[in-house]
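> Structure file query.csv, CSV, C-alpha atoms, is pasted below:
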chain,number,residue,atom,x,y,z
C,1,MET,CA,20.7,16.3,-14.2
C,2,GLU,CA,17.4,15.6,-12.6
C,3,GLU,CA,16.7,12.3,-11.0
C,4,LYS,CA,14.4,10.2,-13.3
C,5,GLY,CA,12.0,9.5,-10.4
C,6,LYS,CA,11.4,13.1,-9.5
C,7,ASN,CA,11.0,14.1,-13.2
C,8,TYR,CA,8.6,11.3,-13.8
C,9,SER,CA,6.6,12.2,-10.7
C,10,LYS,CA,6.0,15.8,-11.9
C,11,GLU,CA,4.2,14.3,-14.9
C,12,LEU,CA,1.6,12.8,-12.5
C,13,LEU,CA,0.4,16.2,-11.3
C,14,GLY,CA,-3.0,17.1,-12.7
C,15,LYS,CA,-3.7,13.6,-14.0
C,16,THR,CA,-7.1,12.0,-13.3
C,17,ILE,CA,-7.1,9.1,-10.9
C,18,VAL,CA,-9.5,6.2,-11.8
C,19,SER,CA,-10.1,2.7,-10.5
C,20,LYS,CA,-9.7,-0.4,-12.6
C,21,SER,CA,-13.4,-0.4,-13.2
C,22,GLY,CA,-13.3,3.2,-14.4
C,23,LYS,CA,-14.6,5.0,-11.4
C,24,LYS,CA,-13.2,8.5,-11.2
C,25,PHE,CA,-11.5,9.6,-7.9
C,26,GLY,CA,-10.3,13.1,-8.8
C,27,GLU,CA,-7.0,14.6,-9.9
C,28,VAL,CA,-3.5,14.5,-8.5
C,29,GLY,CA,-3.0,17.8,-6.6
C,30,ASP,CA,0.3,17.0,-5.0
C,31,LEU,CA,2.9,14.3,-4.3
C,32,ILE,CA,4.0,13.2,-0.9
C,33,PHE,CA,7.5,11.8,-0.5
C,34,GLU,CA,9.1,9.9,2.3
C,35,VAL,CA,11.6,12.4,3.7
C,36,GLY,CA,14.5,10.1,4.2
C,37,SER,CA,14.4,8.0,1.1
C,38,GLY,CA,12.7,10.4,-1.3
C,39,GLU,CA,10.3,7.6,-2.2
C,40,LEU,CA,6.9,8.6,-3.5
C,41,ILE,CA,4.4,7.3,-0.9
C,42,HIS,CA,1.1,9.2,-1.5
C,43,LEU,CA,-0.8,11.1,-4.2
C,44,LEU,CA,-2.9,14.0,-2.7
C,45,LEU,CA,-6.3,14.2,-4.3
C,46,LYS,CA,-7.7,17.4,-5.6
C,47,SER,CA,-11.2,17.9,-6.9
C,48,PRO,CA,-12.4,14.6,-5.3
C,49,THR,CA,-15.5,13.1,-6.8
C,50,SER,CA,-18.6,12.1,-4.8
C,51,TYR,CA,-17.4,8.5,-5.3
C,52,THR,CA,-14.6,9.0,-2.8
C,53,ASP,CA,-17.1,10.0,-0.1
C,54,ARG,CA,-18.2,6.4,0.1
C,55,MET,CA,-14.7,5.2,0.7
C,56,GLU,CA,-12.8,5.3,3.9
C,57,LEU,CA,-9.7,6.9,2.5
C,58,GLU,CA,-6.7,8.2,4.5
C,59,LYS,CA,-6.7,12.0,5.0
C,60,THR,CA,-4.2,14.6,5.9
C,61,LYS,CA,-4.9,16.7,9.0
C,62,ASP,CA,-6.3,19.4,6.7
C,63,GLY,CA,-8.8,16.9,5.3
C,64,ASN,CA,-7.2,16.3,2.0
C,65,ILE,CA,-7.6,12.7,0.7
C,66,LEU,CA,-4.5,10.6,0.2
C,67,ILE,CA,-4.1,7.7,-2.3
C,68,PRO,CA,-1.2,5.4,-1.5
C,69,PHE,CA,1.2,5.2,-4.4
C,70,SER,CA,1.5,1.5,-3.8
C,71,ALA,CA,-2.1,1.2,-5.1
C,72,VAL,CA,-1.1,2.6,-8.5
C,73,ILE,CA,-1.1,-0.1,-11.2
C,74,ALA,CA,-0.7,2.0,-14.3
C,75,THR,CA,0.1,5.5,-15.4
C,76,GLY,CA,-0.5,7.1,-18.8
C,77,ASP,CA,-3.3,9.4,-19.8
C,78,TYR,CA,-4.9,8.4,-16.4
C,79,ILE,CA,-3.5,7.0,-13.2
C,80,VAL,CA,-5.2,3.7,-12.6
C,81,VAL,CA,-5.4,2.4,-9.0
C,82,ALA,CA,-6.5,-0.9,-7.5
C,83,GLU,CA,-9.3,-0.1,-5.1
C,84,GLU,CA,-8.6,-3.2,-3.0
C,85,ASP,CA,-5.1,-1.8,-2.3
C,86,ILE,CA,-6.5,1.5,-1.0
C,87,VAL,CA,-9.0,0.7,1.7
When written as structure tokens, how does the structure in this file appear?

Amino acid sequence: MEEKGKNYSKELLGKTIVSKSGKKFGEVGDLIFEVGSGELIHLLLKSPTSYTDRMELEKTKDGNILIPFSAVIATGDYIVVAEEDIV
């Protein structure tokens, strides 16, 4: 039987990430887990919008944008993040 957390996290892939005010960031391209605990720590952004260019977001060494999972305030059809928790 799969862990609920991992199964749930797979549902996040491909979802659109938006801010509380409705600004689109892009889509979830991958999930980054803490190796030891298996805790989900970042969402890796794919197809980032120009809106993200104006923000100083954390990036991987390959230049992919990371959204801290701690900034996520709701998941459903979209993933809603609190911008103030990102920068």
> Would you list the residues near (-6.7, 2.1, 0.7), meaning any protein, DNA or RNA residue with an atom at most 12 Å from that point in file coordinates, counting all atoms listed in the file, as a count of residues only?
24
> Give the answer as one residue: which of C:Thr75, C:Asn64, C:Tyr8, C:Ser50 has the shortest atom-to-atom distance to Lys24 of chain C, using all atoms listed in the file?
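Of the candidates, the smallest distance to Lys24 of chain C is held by C:Ser50.
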> Could you work out how far atom CA of Val18 of chain C lies from atom CA of Tyr78 of chain C, giving the answer in Å with one decimal?
6.9 Å
> For Asp53 of chain C, which residue out of C:Ile79, C:Leu12, C:Gly36, C:Gly26 is the nearest one, using all atoms listed in the file?
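Between C:Ile79, C:Leu12, C:Gly36, C:Gly26, the residue approaching Asp53 of chain C most closely is C:Gly26.
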> Which is closer to Ser9 of chain C than all the others in C:Ser21, C:Tyr51, C:Leu45, C:Val28, using all atoms listed in the file?
C:Val28
> What is the distance between atom CA of Phe33 of chain C and atom CA of Ile73 of chain C, in Å to one decimal?
18.2 Å
> Return the single residue from C:Arg54, C:Lys15, C:Lys46, C:Lys61 that is closest to Gly29 of chain C, with distances computed using all atoms listed in the file.
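Under the stated criterion, the closest residue is C:Lys46.
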> For Leu31 of chain C, which of C:Gly63, C:Lys10, C:Thr49, C:Ile17 is the closest residue, counting only C-alpha atoms?
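Of the candidates, the smallest distance to Leu31 of chain C is held by C:Lys10.
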> What is the atom CA of Asp77 of chain C-atom CA of Gly38 of chain C distance in Å, reported with one decimal?
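If I compute the distance from atom CA of Asp77 of chain C to atom CA of Gly38 of chain C, I get 24.5 Å.
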> Provide segment 9-26 of chain C rebuilt to N, CA, C and O atoms, formatted as a compact mmCIF listing (two decimals), keeping the file's coordinate frame.

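Listed below is the output, out-v8.txt:
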# COMPACT_ATOMS: atom_id res chain seq x y z
N SER C 9 7.64 11.88 -11.61
CA SER C 9 6.60 12.20 -10.70
C SER C 9 5.88 13.49 -11.01
O SER C 9 4.68 13.63 -10.82
N LYS C 10 6.63 14.46 -11.54
CA LYS C 10 6.00 15.80 -11.90
C LYS C 10 4.98 15.56 -13.01
O LYS C 10 4.02 16.31 -13.10
N GLU C 11 5.18 14.54 -13.84
CA GLU C 11 4.20 14.30 -14.90
C GLU C 11 2.88 13.77 -14.38
O GLU C 11 1.89 13.77 -15.08
N LEU C 12 2.87 13.32 -13.14
CA LEU C 12 1.60 12.80 -12.50
C LEU C 12 0.70 13.92 -12.10
O LEU C 12 -0.50 13.72 -12.00
N LEU C 13 1.24 15.11 -11.83
CA LEU C 13 0.40 16.20 -11.30
C LEU C 13 -0.67 16.58 -12.33
O LEU C 13 -0.42 16.71 -13.52
N GLY C 14 -1.89 16.71 -11.81
CA GLY C 14 -3.00 17.10 -12.70
C GLY C 14 -3.69 15.96 -13.38
O GLY C 14 -4.75 16.14 -13.98
N LYS C 15 -3.09 14.76 -13.35
CA LYS C 15 -3.70 13.60 -14.00
C LYS C 15 -4.92 13.13 -13.25
O LYS C 15 -4.99 13.25 -12.04
N THR C 16 -5.86 12.56 -13.96
CA THR C 16 -7.10 12.00 -13.30
C THR C 16 -6.77 10.63 -12.79
O THR C 16 -6.14 9.81 -13.47
N ILE C 17 -7.24 10.38 -11.56
CA ILE C 17 -7.10 9.10 -10.90
C ILE C 17 -8.39 8.30 -11.09
O ILE C 17 -9.46 8.81 -10.75
N VAL C 18 -8.29 7.09 -11.63
CA VAL C 18 -9.50 6.20 -11.80
C VAL C 18 -9.18 4.85 -11.26
O VAL C 18 -8.03 4.43 -11.15
N SER C 19 -10.26 4.13 -10.93
CA SER C 19 -10.10 2.70 -10.50
C SER C 19 -10.05 1.85 -11.72
O SER C 19 -10.33 2.30 -12.83
N LYS C 20 -9.72 0.58 -11.50
CA LYS C 20 -9.70 -0.40 -12.60
C LYS C 20 -11.02 -0.47 -13.32
O LYS C 20 -11.08 -0.71 -14.51
N SER C 21 -12.10 -0.27 -12.55
CA SER C 21 -13.40 -0.40 -13.20
C SER C 21 -13.89 0.96 -13.79
O SER C 21 -14.99 1.07 -14.27
N GLY C 22 -13.00 1.96 -13.77
CA GLY C 22 -13.30 3.20 -14.40
C GLY C 22 -13.96 4.28 -13.58
O GLY C 22 -14.36 5.33 -14.06
N LYS C 23 -14.07 4.04 -12.27
CA LYS C 23 -14.60 5.00 -11.40
C LYS C 23 -13.62 6.16 -11.15
O LYS C 23 -12.46 5.90 -10.83
N LYS C 24 -14.07 7.39 -11.30
CA LYS C 24 -13.20 8.50 -11.20
C LYS C 24 -13.04 8.96 -9.71
O LYS C 24 -14.04 9.08 -9.01
N PHE C 25 -11.81 9.16 -9.27
CA PHE C 25 -11.50 9.60 -7.90
C PHE C 25 -11.33 11.13 -7.84
O PHE C 25 -11.70 11.77 -6.88
N GLY C 26 -10.68 11.69 -8.84
CA GLY C 26 -10.30 13.10 -8.80
C GLY C 26 -9.00 13.26 -9.57
O GLY C 26 -8.64 12.43 -10.38
